[in-house]
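Worksheet for the structure shown next.
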There are 4 protein chains.
Amino acid sequence: MKTLKIGVAGLGRLGLVHVDNIYKMKGVELTAVSNLDEQVNEQVKKKYNVPNAYSNYEEMLENTELDAVCIVTPSGYHTEHILLALEKDLHVFCEKPIGLEVNDIKKTITHIDKSDKVFHLGFMRRYDEDYLYAKEMIDSGQIGEISLIRSYSIDPIEGLDSFVDFAKKSPSGGLFLDMSVHDIDVIRWLTKSEVSTVWATGINKAAPELTSLNELELGTVTMKLNNGVTALLVAGRTAAHGYHVETEIIGTKGMLRIAASPEKNKVAVFNENGTVRPSSQHFPERFSEAYVNELNDFVRCIRESEQPEVSALDGLRGTEVALACQKSFDENKLIEIEYE
Amino acid sequence: MKTLKIGVAGLGRLGLVHVDNIYKMKGVELTAVSNLDEQVNEQVKKKYNVPNAYSNYEEMLENTELDAVCIVTPSGYHTEHILLALEKDLHVFCEKPIGLEVNDIKKTITHIDKSDKVFHLGFMRRYDEDYLYAKEMIDSGQIGEISLIRSYSIDPIEGLDSFVDFAKKSPSGGLFLDMSVHDIDVIRWLTKSEVSTVWATGINKAAPELTSLNELELGTVTMKLNNGVTALLVAGRTAAHGYHVETEIIGTKGMLRIAASPEKNKVAVFNENGTVRPSSQHFPERFSEAYVNELNDFVRCIRESEQPEVSALDGLRGTEVALACQKSFDENKLIEIEYE
Amino acid sequence: MKTLKIGVAGLGRLGLVHVDNIYKMKGVELTAVSNLDEQVNEQVKKKYNVPNAYSNYEEMLENTELDAVCIVTPSGYHTEHILLALEKDLHVFCEKPIGLEVNDIKKTITHIDKSDKVFHLGFMRRYDEDYLYAKEMIDSGQIGEISLIRSYSIDPIEGLDSFVDFAKKSPSGGLFLDMSVHDIDVIRWLTKSEVSTVWATGINKAAPELTSLNELELGTVTMKLNNGVTALLVAGRTAAHGYHVETEIIGTKGMLRIAASPEKNKVAVFNENGTVRPSSQHFPERFSEAYVNELNDFVRCIRESEQPEVSALDGLRGTEVALACQKSFDENKLIEIEYE
Amino acid sequence: MKTLKIGVAGLGRLGLVHVDNIYKMKGVELTAVSNLDEQVNEQVKKKYNVPNAYSNYEEMLENTELDAVCIVTPSGYHTEHILLALEKDLHVFCEKPIGLEVNDIKKTITHIDKSDKVFHLGFMRRYDEDYLYAKEMIDSGQIGEISLIRSYSIDPIEGLDSFVDFAKKSPSGGLFLDMSVHDIDVIRWLTKSEVSTVWATGINKAAPELTSLNELELGTVTMKLNNGVTALLVAGRTAAHGYHVETEIIGTKGMLRIAASPEKNKVAVFNENGTVRPSSQHFPERFSEAYVNELNDFVRCIRESEQPEVSALDGLRGTEVALACQKSFDENKLIEIEYE
């Protein structure tokens, strides 16, 4: 079995998660990394024994050894970086979104479709064992037909300051594009249906400075899907207890809750506070297995010349819906989404 | 301490709960009942040793021994029954709603305001120990400022057939008026704010016959309040596990969930299904203590010449918002509510 | 229905619970209290409008209005107080134990058996809804045959200082006699079998001063019952989270846990500690309903001329087993219990 | 980094878990397997592309490519297989126990001590994230000093028939040696203390045929440790809900429960049974991560010329205590353990 050579672009928090996972994969070599900050490059190069570290993405692509790239650069660069990698005939794993603008995404999809390379979008929740367990229960009819989905993505409050700093430097796209896209993808995945109408609301109390940055502390979206199902989304940045990602599915014969409490582990602590279940504190902790599973699937797809279940179109739809949510919030009205 | 003499009007399911509670109250006599079905009257008379049973409400009011009435008749009669009791100078405990039409309610409130008698509306959740515990945590600032409230009222599926029969005979007013009013009251109570805009959606999958009755299996409402808080409501009629009444409050410093699982008691069962927490099956079980507490408060108010915290205006507001929800669903648009 | 007149002897913490419950019972009058501390007597007399307050138990018994007494005096007086009440031909509700010495208890039982009055022993767990729910599941065969019972009684650490003070003044009889008797009764009640062999161990780490008082911070007992079932007991005085009373029953077809976490209510708090379920803090809170239920049953038994399910013999057996536990701990060996 | 070549001896249920894990390890080659059943050998050879499959352990050891062996053969062969591997100068990972007889284990330890190779005993719970989290809390003083440990190992009832078949063919050593050794190890690991006295009891109700096989359906052990701590053990073979491995640690300042419910994942199901948390069904599922972690640590130890924290002496102590438990049960008396 030929060793697969992968380069990782972007060594931020999530980039380092992918680096670590790729490093540990059998039959795979972490051949290169590219990142602006040369100091980080050196650390990663040393820790993971990486042959090549570049301060420039395009330079990395010149390395003809590479079979695939894993793009974890800032969202604004995704479109460009995907296109460049496809030009070089590389398999591409890319974090969401494919691009910030719908037109950029559509253009990119044209190129992805023309290519015979694997394109894998990082909707990691589809690879999480809890979500997969729920999906199987739903698909096997154990809760009847879906009537409602509720999905929460609330970041821990301890990351708020650094988010405010981050948002001041470069726009995140807003709460819905930054965070709710994962929930939107989960909803589309579980219901096999598209979102037709949305209404978004939001508030800034804990961090009023977010308002001037066009950001929200807490946002909600109510969605009607084509099949009549309603979906309720909550996204936020100030969970005191940790990283709260929860999805509830109400069916005609039963309900499911995925991670109603973001349990860190199976330990319960009985102390002066009461009976306490400690929480997962951040996405690398909560989705550590999912991040491994999605890259394993990426590699499997490459070896077996398949495309992953999650497609570039899923990325487009996620962005289209998230943009509609933002528009609904901005204009305070119901927005009907039209797809081409 | 003078014995307080109370008559109960309406011996349906909830009426019987009140009968039982009043019967057990110290310093109180269950002096009379009125109900159309004479067979039930006889049973109640015998079981509780009630001096007087009437098949007619007005007849009961002629009994000059009475100090107070507890009105648990069908919703369509509430306005009339309240007014008649006030005319007779009786203290009134009445189940929600005060009336089906806003104008009826307003007219009734005028009479209530003129009277010096106690008027108590049956929003029992305000007397539930779980809700009171949460209220106290919120009011003492333990979760910061409220950003979002989510409140569910889902009836057990085993009651669906009898509900369909019931709805065929007399309109319930629809899911929002029938069930969500309790959630609306909780939201107003906890936030001390009014609802300004609503969007309601819904679905009928398990019980398609509900559609022709203008009823919903599952409905959702998204609400914006005057203070910027968003509230999400879910009401339904098909919970497989029991009677699911849950309220979540997200604050800037923490979150609370009241009855995230409708735990029947403190027993966990480990069997072939896994680890199971049995559920409360219906409202008399779930709110048994709250029903006792609210009547105790009614009696206390009478003795101490006070008005209860929950007012007739709360009843008006609940109905106004629920009607707006129904209108939003019927017309599929955002509805802004205007209060006089 | 004749009003039943009850006198309460002993106005300590639990005495006041009974006073409050008796005061609220319909058809019952709290006719008298007796207590050494006259100041407390005055407060209670005033708050509950009690006609008579005595600083002396025997004096109270001279009040010929009384139908029944509720004995909540210190354990060392129980035998005497029961016998005096029986002499006066009163119905007796008495907190455990019937006496500190087996011979005293046996003598008392002789008198109880000769009397036609109701004698009710305060094993309140038999009246707790959680325990009753579990009992019903067991009796209806839902967990098969019982193989093992584990039962915990751990007092909150915040009561430790006052317990140390209390123990310095008058011996509690030790951890097993003071606390495990309730677990022993639960085990006998659920299994309908007697304890044959015990081994007790214990430790003092948090409160070393308990050692010199012949007390334990934490004690455990392993018991073999006549029917082959094993029971594991833990009793303690230093639960950081509250008042932890838990019972587990392992059957051949399933397991039950009663109050695995001493949930104060149905509220979950998500804060910087994680997901928190607040705890019951003390026995009046945890068993508030059970205390009401047992007195209702006492009154019912008086009115219907029945004896309660829980008998004086249950009290004897509980003390015999607890004494064997203490002996096993003192001598560090297996003790076989022989019953007459 | 040199590729490490490992052979796996024994392809039973746990052997296949190790095969799968070794196959996926980077820098490691699954070079050989040995197993009596040639059909299984062929399947494994094919599925994992294993270069060599032997029907005989000694034959496998002749393969000079091997750096290490992973011994998962029946317990009765462990001593012999360890000694043979050490003779060949191989690193050894071996499932518990080191041997069935204390003398065999002592002899083996002499050889292990003389060797400079890594010897790793498969006490996987020490590598489980839940147990590690609890250990860290304990070691950092968060629950004060340990007063009591309770540890359960209950196999799922669905494995009972196959266990009865298995026990008929070859003695398991009894419930304590077969199952409680893991709990014994956890107790020694967490308390850093040795067991001094034990009392064991047990019962056979669900599977009476176990009695003639000298097996138990459910067994309990109460242990006193040198440091005064008491430990309560329950082992069983008939958990209706799945694979129940739970450990509780009561400290002077708080309590911990590891896996009080053997939660399969973070999904809660609300259905006709109530609120259900599905259970882990067997050890490969419950400890999947721990099995990976322990082999990673084995490989790390080899590469870094270290010995793992878990030692051969831990294996000896575990067996000594388990044998004392069995003796206590057989003779129905307290057994004091003396160590050399």
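In the structure tokens, each chain is lettered A, B, ... as it comes, each chain's residues begin at 1, and ligands are numbered from 1 in order of appearance.
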Chain C fitted onto chain A, all C-alpha pairs in order, as a short mmCIF file (atom, residue, chain, number, x, y, z; two decimals) with C-alpha atoms, in the first residue's frame:
```cif
data_model
loop_
_atom_site.label_atom_id
_atom_site.label_comp_id
_atom_site.auth_asym_id
_atom_site.auth_seq_id
_atom_site.Cartn_x
_atom_site.Cartn_y
_atom_site.Cartn_z
CA MET C 1 -0.03 0.04 0.01
CA LYS C 2 1.51 3.26 -1.20
CA THR C 3 2.17 5.87 1.48
CA LEU C 4 -0.10 8.87 1.00
CA LYS C 5 1.63 12.23 1.35
CA ILE C 6 -0.41 15.06 2.78
CA GLY C 7 0.35 18.72 3.31
CA VAL C 8 -1.53 20.81 5.86
CA ALA C 9 -2.16 24.47 5.10
CA GLY C 10 -2.81 26.64 8.14
CA LEU C 11 -1.52 25.86 11.62
CA GLY C 12 -4.14 27.53 13.77
CA ARG C 13 -5.95 25.65 16.50
CA LEU C 14 -7.82 23.31 14.20
CA GLY C 15 -4.87 23.01 11.82
CA LEU C 16 -2.80 21.62 14.66
CA VAL C 17 -5.53 19.08 15.42
CA HIS C 18 -5.35 17.84 11.83
CA VAL C 19 -1.54 17.80 11.91
CA ASP C 20 -1.58 15.58 14.97
CA ASN C 21 -4.17 13.23 13.49
CA ILE C 22 -2.44 12.96 10.11
CA TYR C 23 0.87 12.33 11.83
CA LYS C 24 -0.60 9.29 13.61
CA MET C 25 -2.28 7.76 10.55
CA LYS C 26 -0.81 4.55 9.24
CA GLY C 27 0.10 4.58 5.57
CA VAL C 28 0.10 8.37 5.56
CA GLU C 29 2.98 10.80 5.74
CA LEU C 30 2.69 14.37 6.96
CA THR C 31 4.95 15.60 4.21
CA ALA C 32 4.55 19.35 4.48
CA VAL C 33 2.94 22.21 6.34
CA SER C 34 2.43 25.79 5.25
CA ASN C 35 1.76 28.67 7.57
CA LEU C 36 2.56 32.36 7.81
CA ASP C 37 4.08 32.21 11.26
CA GLU C 38 7.53 30.67 10.82
CA GLN C 39 7.99 30.11 14.51
CA VAL C 40 4.96 27.82 14.62
CA ASN C 41 6.26 26.11 11.49
CA GLU C 42 9.52 25.32 13.22
CA GLN C 43 7.78 23.91 16.29
CA VAL C 44 5.54 21.70 14.21
CA LYS C 45 8.37 20.61 11.97
CA LYS C 46 10.35 19.54 14.98
CA LYS C 47 7.57 17.93 17.00
CA TYR C 48 6.19 15.93 14.11
CA ASN C 49 9.38 15.42 12.17
CA VAL C 50 7.83 17.08 9.08
CA PRO C 51 10.16 17.09 6.09
CA ASN C 52 8.96 20.44 4.69
CA ALA C 53 7.57 23.61 6.20
CA TYR C 54 6.61 26.59 4.02
CA SER C 55 5.59 30.11 4.90
CA ASN C 56 3.60 30.23 1.68
CA TYR C 57 0.78 27.98 0.48
CA GLU C 58 1.66 28.20 -3.21
CA GLU C 59 5.21 27.26 -2.47
CA MET C 60 4.03 24.14 -0.68
CA LEU C 61 1.99 23.19 -3.73
CA GLU C 62 5.18 23.18 -5.77
CA ASN C 63 6.26 20.14 -3.76
CA THR C 64 5.51 17.39 -6.29
CA GLU C 65 5.62 14.65 -3.68
CA LEU C 66 2.22 15.69 -2.31
CA ASP C 67 -0.88 13.59 -2.97
CA ALA C 68 -3.30 15.69 -1.02
CA VAL C 69 -3.75 18.88 0.96
CA CYS C 70 -5.72 19.64 4.07
CA ILE C 71 -6.81 23.29 3.98
CA VAL C 72 -7.29 24.93 7.36
CA THR C 73 -6.43 28.48 6.38
CA PRO C 74 -8.70 31.47 7.19
CA SER C 75 -12.12 31.17 5.51
CA GLY C 76 -11.44 34.03 3.14
CA TYR C 77 -8.68 32.02 1.41
CA HIS C 78 -10.54 28.75 0.99
CA THR C 79 -11.81 29.29 -2.55
CA GLU C 80 -8.39 30.28 -3.83
CA HIS C 81 -6.61 27.50 -1.99
CA ILE C 82 -9.00 24.84 -3.23
CA LEU C 83 -8.68 25.98 -6.81
CA LEU C 84 -4.89 26.06 -6.65
CA ALA C 85 -4.76 22.56 -5.22
CA LEU C 86 -7.13 21.21 -7.87
CA GLU C 87 -4.94 22.77 -10.53
CA LYS C 88 -2.04 20.80 -9.09
CA ASP C 89 -4.19 17.69 -9.27
CA LEU C 90 -4.25 17.17 -5.53
CA HIS C 91 -6.94 15.58 -3.39
CA VAL C 92 -8.46 18.24 -1.16
CA PHE C 93 -9.74 18.17 2.36
CA CYS C 94 -11.06 21.62 3.26
CA GLU C 95 -12.62 23.09 6.36
CA LYS C 96 -15.93 24.88 5.89
CA PRO C 97 -16.80 27.13 4.14
CA ILE C 98 -15.79 26.60 0.54
CA GLY C 99 -15.95 30.37 0.18
CA LEU C 100 -17.49 33.45 1.67
CA GLU C 101 -19.51 34.36 -1.42
CA VAL C 102 -22.10 32.12 -3.06
CA ASN C 103 -20.65 32.84 -6.48
CA ASP C 104 -17.16 31.83 -5.38
CA ILE C 105 -18.54 28.58 -4.04
CA LYS C 106 -20.45 27.86 -7.24
CA LYS C 107 -17.37 28.52 -9.34
CA THR C 108 -15.32 26.25 -7.09
CA ILE C 109 -17.90 23.49 -7.35
CA THR C 110 -17.62 23.63 -11.13
CA HIS C 111 -13.92 22.92 -10.80
CA ILE C 112 -14.45 20.23 -8.17
CA ASP C 113 -16.99 18.52 -10.40
CA LYS C 114 -14.63 18.57 -13.35
CA SER C 115 -11.79 17.10 -11.29
CA ASP C 116 -11.47 13.39 -10.60
CA LYS C 117 -9.81 14.11 -7.26
CA VAL C 118 -11.47 13.60 -3.89
CA PHE C 119 -12.97 16.73 -2.38
CA HIS C 120 -13.89 16.43 1.27
CA LEU C 121 -15.57 19.21 3.26
CA GLY C 122 -14.97 19.28 7.02
CA PHE C 123 -18.46 18.80 8.42
CA MET C 124 -17.05 16.68 11.20
CA ARG C 125 -20.31 16.19 13.08
CA ARG C 126 -21.29 13.67 10.42
CA TYR C 127 -18.38 11.58 11.69
CA ASP C 128 -19.17 11.88 15.39
CA GLU C 129 -20.32 8.62 16.99
CA ASP C 130 -23.19 10.26 18.84
CA TYR C 131 -24.55 11.88 15.70
CA LEU C 132 -24.07 8.64 13.75
CA TYR C 133 -25.93 6.67 16.42
CA ALA C 134 -28.83 9.11 16.26
CA LYS C 135 -28.82 9.07 12.46
CA GLU C 136 -29.08 5.31 12.46
CA MET C 137 -31.98 5.34 14.93
CA ILE C 138 -33.78 7.89 12.79
CA ASP C 139 -33.13 6.11 9.50
CA SER C 140 -34.34 2.82 10.95
CA GLY C 141 -37.61 4.47 11.95
CA GLN C 142 -37.19 4.22 15.70
CA ILE C 143 -38.59 7.68 16.37
CA GLY C 144 -41.09 7.70 13.48
CA GLU C 145 -41.05 10.66 11.13
CA ILE C 146 -39.18 13.80 12.09
CA SER C 147 -41.37 16.72 13.21
CA LEU C 148 -38.82 19.09 14.67
CA ILE C 149 -35.08 19.54 15.05
CA ARG C 150 -33.42 21.80 17.56
CA SER C 151 -29.69 22.37 17.34
CA TYR C 152 -27.38 24.41 19.56
CA SER C 153 -23.80 25.54 19.03
CA ILE C 154 -22.61 27.62 21.93
CA ASP C 155 -18.94 28.39 22.38
CA PRO C 156 -17.44 28.65 25.85
CA ILE C 157 -17.37 32.07 27.45
CA GLU C 158 -13.68 31.71 28.22
CA GLY C 159 -12.99 32.08 24.50
CA LEU C 160 -15.00 35.32 24.26
CA ASP C 161 -12.13 37.78 24.68
CA SER C 162 -10.00 36.10 22.07
CA PHE C 163 -12.99 35.96 19.75
CA VAL C 164 -13.57 39.70 20.14
CA ASP C 165 -9.92 40.31 19.28
CA PHE C 166 -10.19 37.98 16.32
CA ALA C 167 -13.40 39.58 15.06
CA LYS C 168 -11.83 43.04 15.25
CA LYS C 169 -9.09 41.89 12.89
CA SER C 170 -11.08 39.98 10.30
CA PRO C 171 -14.84 39.52 9.97
CA SER C 172 -16.03 36.04 10.94
CA GLY C 173 -18.98 36.37 8.58
CA GLY C 174 -21.23 36.60 11.59
CA LEU C 175 -22.58 34.06 14.06
CA PHE C 176 -24.73 32.18 11.57
CA LEU C 177 -22.04 31.76 8.92
CA ASP C 178 -19.37 31.03 11.50
CA MET C 179 -21.22 28.65 13.78
CA SER C 180 -24.71 27.74 12.61
CA VAL C 181 -23.46 26.21 9.35
CA HIS C 182 -22.66 23.04 11.28
CA ASP C 183 -26.21 22.90 12.63
CA ILE C 184 -27.62 23.66 9.18
CA ASP C 185 -25.63 20.78 7.76
CA VAL C 186 -26.82 18.43 10.51
CA ILE C 187 -30.42 19.40 9.82
CA ARG C 188 -30.10 18.84 6.06
CA TRP C 189 -28.27 15.56 6.68
CA LEU C 190 -30.82 14.18 9.12
CA THR C 191 -33.95 15.33 7.28
CA LYS C 192 -32.72 14.97 3.69
CA SER C 193 -34.68 18.15 3.05
CA GLU C 194 -33.85 21.77 2.23
CA VAL C 195 -34.53 24.92 4.23
CA SER C 196 -37.17 27.15 2.67
CA THR C 197 -37.89 30.00 5.11
CA VAL C 198 -35.91 31.47 7.99
CA TRP C 199 -36.34 34.03 10.75
CA ALA C 200 -33.34 35.03 12.80
CA THR C 201 -33.09 37.00 16.02
CA GLY C 202 -30.24 37.78 18.35
CA ILE C 203 -28.92 39.67 21.32
CA ASN C 204 -25.72 41.13 22.78
CA LYS C 205 -25.65 41.46 26.52
CA ALA C 206 -22.47 39.92 27.80
CA ALA C 207 -20.31 41.45 25.09
CA PRO C 208 -21.84 44.71 23.84
CA GLU C 209 -18.71 45.47 21.81
CA LEU C 210 -19.77 42.66 19.46
CA THR C 211 -22.63 44.81 18.18
CA SER C 212 -20.34 47.28 16.44
CA LEU C 213 -18.53 44.32 14.86
CA ASN C 214 -21.82 43.04 13.46
CA GLU C 215 -21.51 40.02 15.71
CA LEU C 216 -23.96 38.46 18.15
CA GLU C 217 -23.55 36.98 21.59
CA LEU C 218 -26.55 34.73 21.06
CA GLY C 219 -28.57 34.21 17.91
CA THR C 220 -31.56 32.04 17.11
CA VAL C 221 -33.01 30.92 13.83
CA THR C 222 -36.37 29.35 13.16
CA MET C 223 -36.48 27.47 9.88
CA LYS C 224 -39.18 25.83 7.85
CA LEU C 225 -37.99 23.00 5.64
CA ASN C 226 -39.48 21.86 2.36
CA ASN C 227 -40.95 18.79 4.02
CA GLY C 228 -42.84 20.80 6.62
CA VAL C 229 -40.39 20.16 9.44
CA THR C 230 -39.41 23.11 11.64
CA ALA C 231 -35.86 23.57 12.86
CA LEU C 232 -34.77 25.76 15.77
CA LEU C 233 -31.17 26.92 15.95
CA VAL C 234 -29.34 28.60 18.75
CA ALA C 235 -25.77 29.79 18.37
CA GLY C 236 -23.80 31.66 20.97
CA ARG C 237 -20.46 32.61 22.38
CA THR C 238 -20.98 32.66 26.14
CA ALA C 239 -21.63 29.20 27.56
CA ALA C 240 -20.31 29.26 31.12
CA HIS C 241 -20.03 25.48 31.34
CA GLY C 242 -18.03 24.73 28.21
CA TYR C 243 -18.58 23.90 24.57
CA HIS C 244 -22.28 23.16 24.16
CA VAL C 245 -23.19 21.44 20.91
CA GLU C 246 -26.56 19.73 21.21
CA THR C 247 -29.09 18.44 18.74
CA GLU C 248 -32.61 17.27 19.50
CA ILE C 249 -34.83 15.44 17.07
CA ILE C 250 -38.53 15.12 17.81
CA GLY C 251 -40.24 12.40 15.83
CA THR C 252 -43.79 11.16 15.73
CA LYS C 253 -42.85 8.16 17.88
CA GLY C 254 -40.05 9.40 20.10
CA MET C 255 -37.41 12.02 20.73
CA LEU C 256 -33.63 11.95 20.72
CA ARG C 257 -31.17 14.29 22.33
CA ILE C 258 -27.56 14.25 21.28
CA ALA C 259 -25.35 15.66 24.03
CA ALA C 260 -28.06 17.46 25.99
CA SER C 261 -25.28 17.99 28.46
CA PRO C 262 -21.78 18.22 26.93
CA GLU C 263 -20.44 15.46 29.18
CA LYS C 264 -16.66 15.47 29.20
CA ASN C 265 -16.53 11.83 30.30
CA LYS C 266 -18.44 9.30 32.44
CA VAL C 267 -17.37 10.75 35.78
CA ALA C 268 -19.86 12.33 38.18
CA VAL C 269 -18.53 14.50 40.96
CA PHE C 270 -20.49 14.91 44.19
CA ASN C 271 -19.22 18.04 45.86
CA GLU C 272 -20.44 21.22 47.49
CA ASN C 273 -22.09 22.21 44.19
CA GLY C 274 -24.28 19.11 44.04
CA THR C 275 -23.97 16.28 41.53
CA VAL C 276 -21.74 17.58 38.76
CA ARG C 277 -21.02 16.27 35.30
CA PRO C 278 -17.93 18.05 33.96
CA SER C 279 -18.22 19.50 30.43
CA SER C 280 -16.20 19.33 27.26
CA GLN C 281 -14.39 22.64 27.04
CA HIS C 282 -13.77 23.16 23.33
CA PHE C 283 -14.22 21.64 19.89
CA PRO C 284 -10.91 19.77 19.77
CA GLU C 285 -11.96 17.93 22.93
CA ARG C 286 -15.61 17.38 22.01
CA PHE C 287 -14.98 16.21 18.46
CA SER C 288 -11.56 14.60 18.83
CA GLU C 289 -12.81 11.27 17.51
CA ALA C 290 -14.83 12.85 14.71
CA TYR C 291 -11.75 14.70 13.45
CA VAL C 292 -9.86 11.41 13.29
CA ASN C 293 -12.78 9.63 11.62
CA GLU C 294 -13.26 12.24 8.91
CA LEU C 295 -9.60 12.13 7.90
CA ASN C 296 -9.68 8.36 7.87
CA ASP C 297 -12.63 8.61 5.53
CA PHE C 298 -10.80 11.13 3.36
CA VAL C 299 -7.86 8.72 3.04
CA ARG C 300 -10.20 5.78 2.42
CA CYS C 301 -11.94 7.74 -0.34
CA ILE C 302 -8.59 8.51 -1.99
CA ARG C 303 -7.52 4.87 -1.83
CA GLU C 304 -10.86 3.54 -3.06
CA SER C 305 -11.44 6.33 -5.61
CA GLU C 306 -14.71 7.35 -4.04
CA GLN C 307 -16.24 10.70 -3.18
CA PRO C 308 -17.23 11.19 0.48
CA GLU C 309 -20.89 11.34 1.44
CA VAL C 310 -20.54 14.99 2.36
CA SER C 311 -20.29 16.98 -0.88
CA ALA C 312 -19.34 20.42 -2.07
CA LEU C 313 -23.04 21.04 -2.68
CA ASP C 314 -23.61 20.52 1.04
CA GLY C 315 -21.15 23.32 1.57
CA LEU C 316 -22.97 25.58 -0.85
CA ARG C 317 -26.33 24.93 0.74
CA GLY C 318 -24.97 25.55 4.22
CA THR C 319 -23.61 28.93 3.18
CA GLU C 320 -26.78 29.89 1.32
CA VAL C 321 -28.91 29.17 4.36
CA ALA C 322 -26.52 30.89 6.77
CA LEU C 323 -26.48 33.99 4.58
CA ALA C 324 -30.27 33.99 4.55
CA CYS C 325 -30.22 33.82 8.35
CA GLN C 326 -27.90 36.80 8.53
CA LYS C 327 -30.11 38.70 6.08
CA SER C 328 -33.22 37.83 8.12
CA PHE C 329 -31.54 39.15 11.23
CA ASP C 330 -30.29 42.31 9.50
CA GLU C 331 -33.69 43.11 7.99
CA ASN C 332 -35.77 41.57 10.79
CA LYS C 333 -38.10 39.71 8.47
CA LEU C 334 -38.89 36.23 7.17
CA ILE C 335 -36.61 35.29 4.31
CA GLU C 336 -37.60 32.71 1.74
CA ILE C 337 -34.62 30.98 0.20
CA GLU C 338 -34.57 30.23 -3.50
CA TYR C 339 -32.11 27.71 -4.83
CA GLU C 340 -31.10 27.52 -8.47
#
```
Run DSSP on the backbone and grab whatever in stretch 51-246 of chain D lands in strand (DSSP E); send it over as a PyMOL selection string.
chain D and resi 52-54+68-71+91-94+119-121+146-156+195-203+218-225+230-239+244-246
**Message:** Among stretch 183-299 of chain B, which ones does DSSP assign to helix (DSSP H, G or I) (computed from the backbone)? Answer as a list in words.
**Reply:**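 So, restricting stretch 183-299 of chain B to helix (DSSP H, G or I), we get Asp183, Ile184, Asp185, Val186, Ile187, Arg188, Trp189, Leu190, Thr191, Glu209, Leu210, Thr211, Ser212, Phe283, Pro284, Glu285, Arg286, Ser288, Glu289, Ala290, Tyr291, Val292, Asn293, Glu294, Leu295, Asn296, Asp297, Phe298 and Val299 of chain B.
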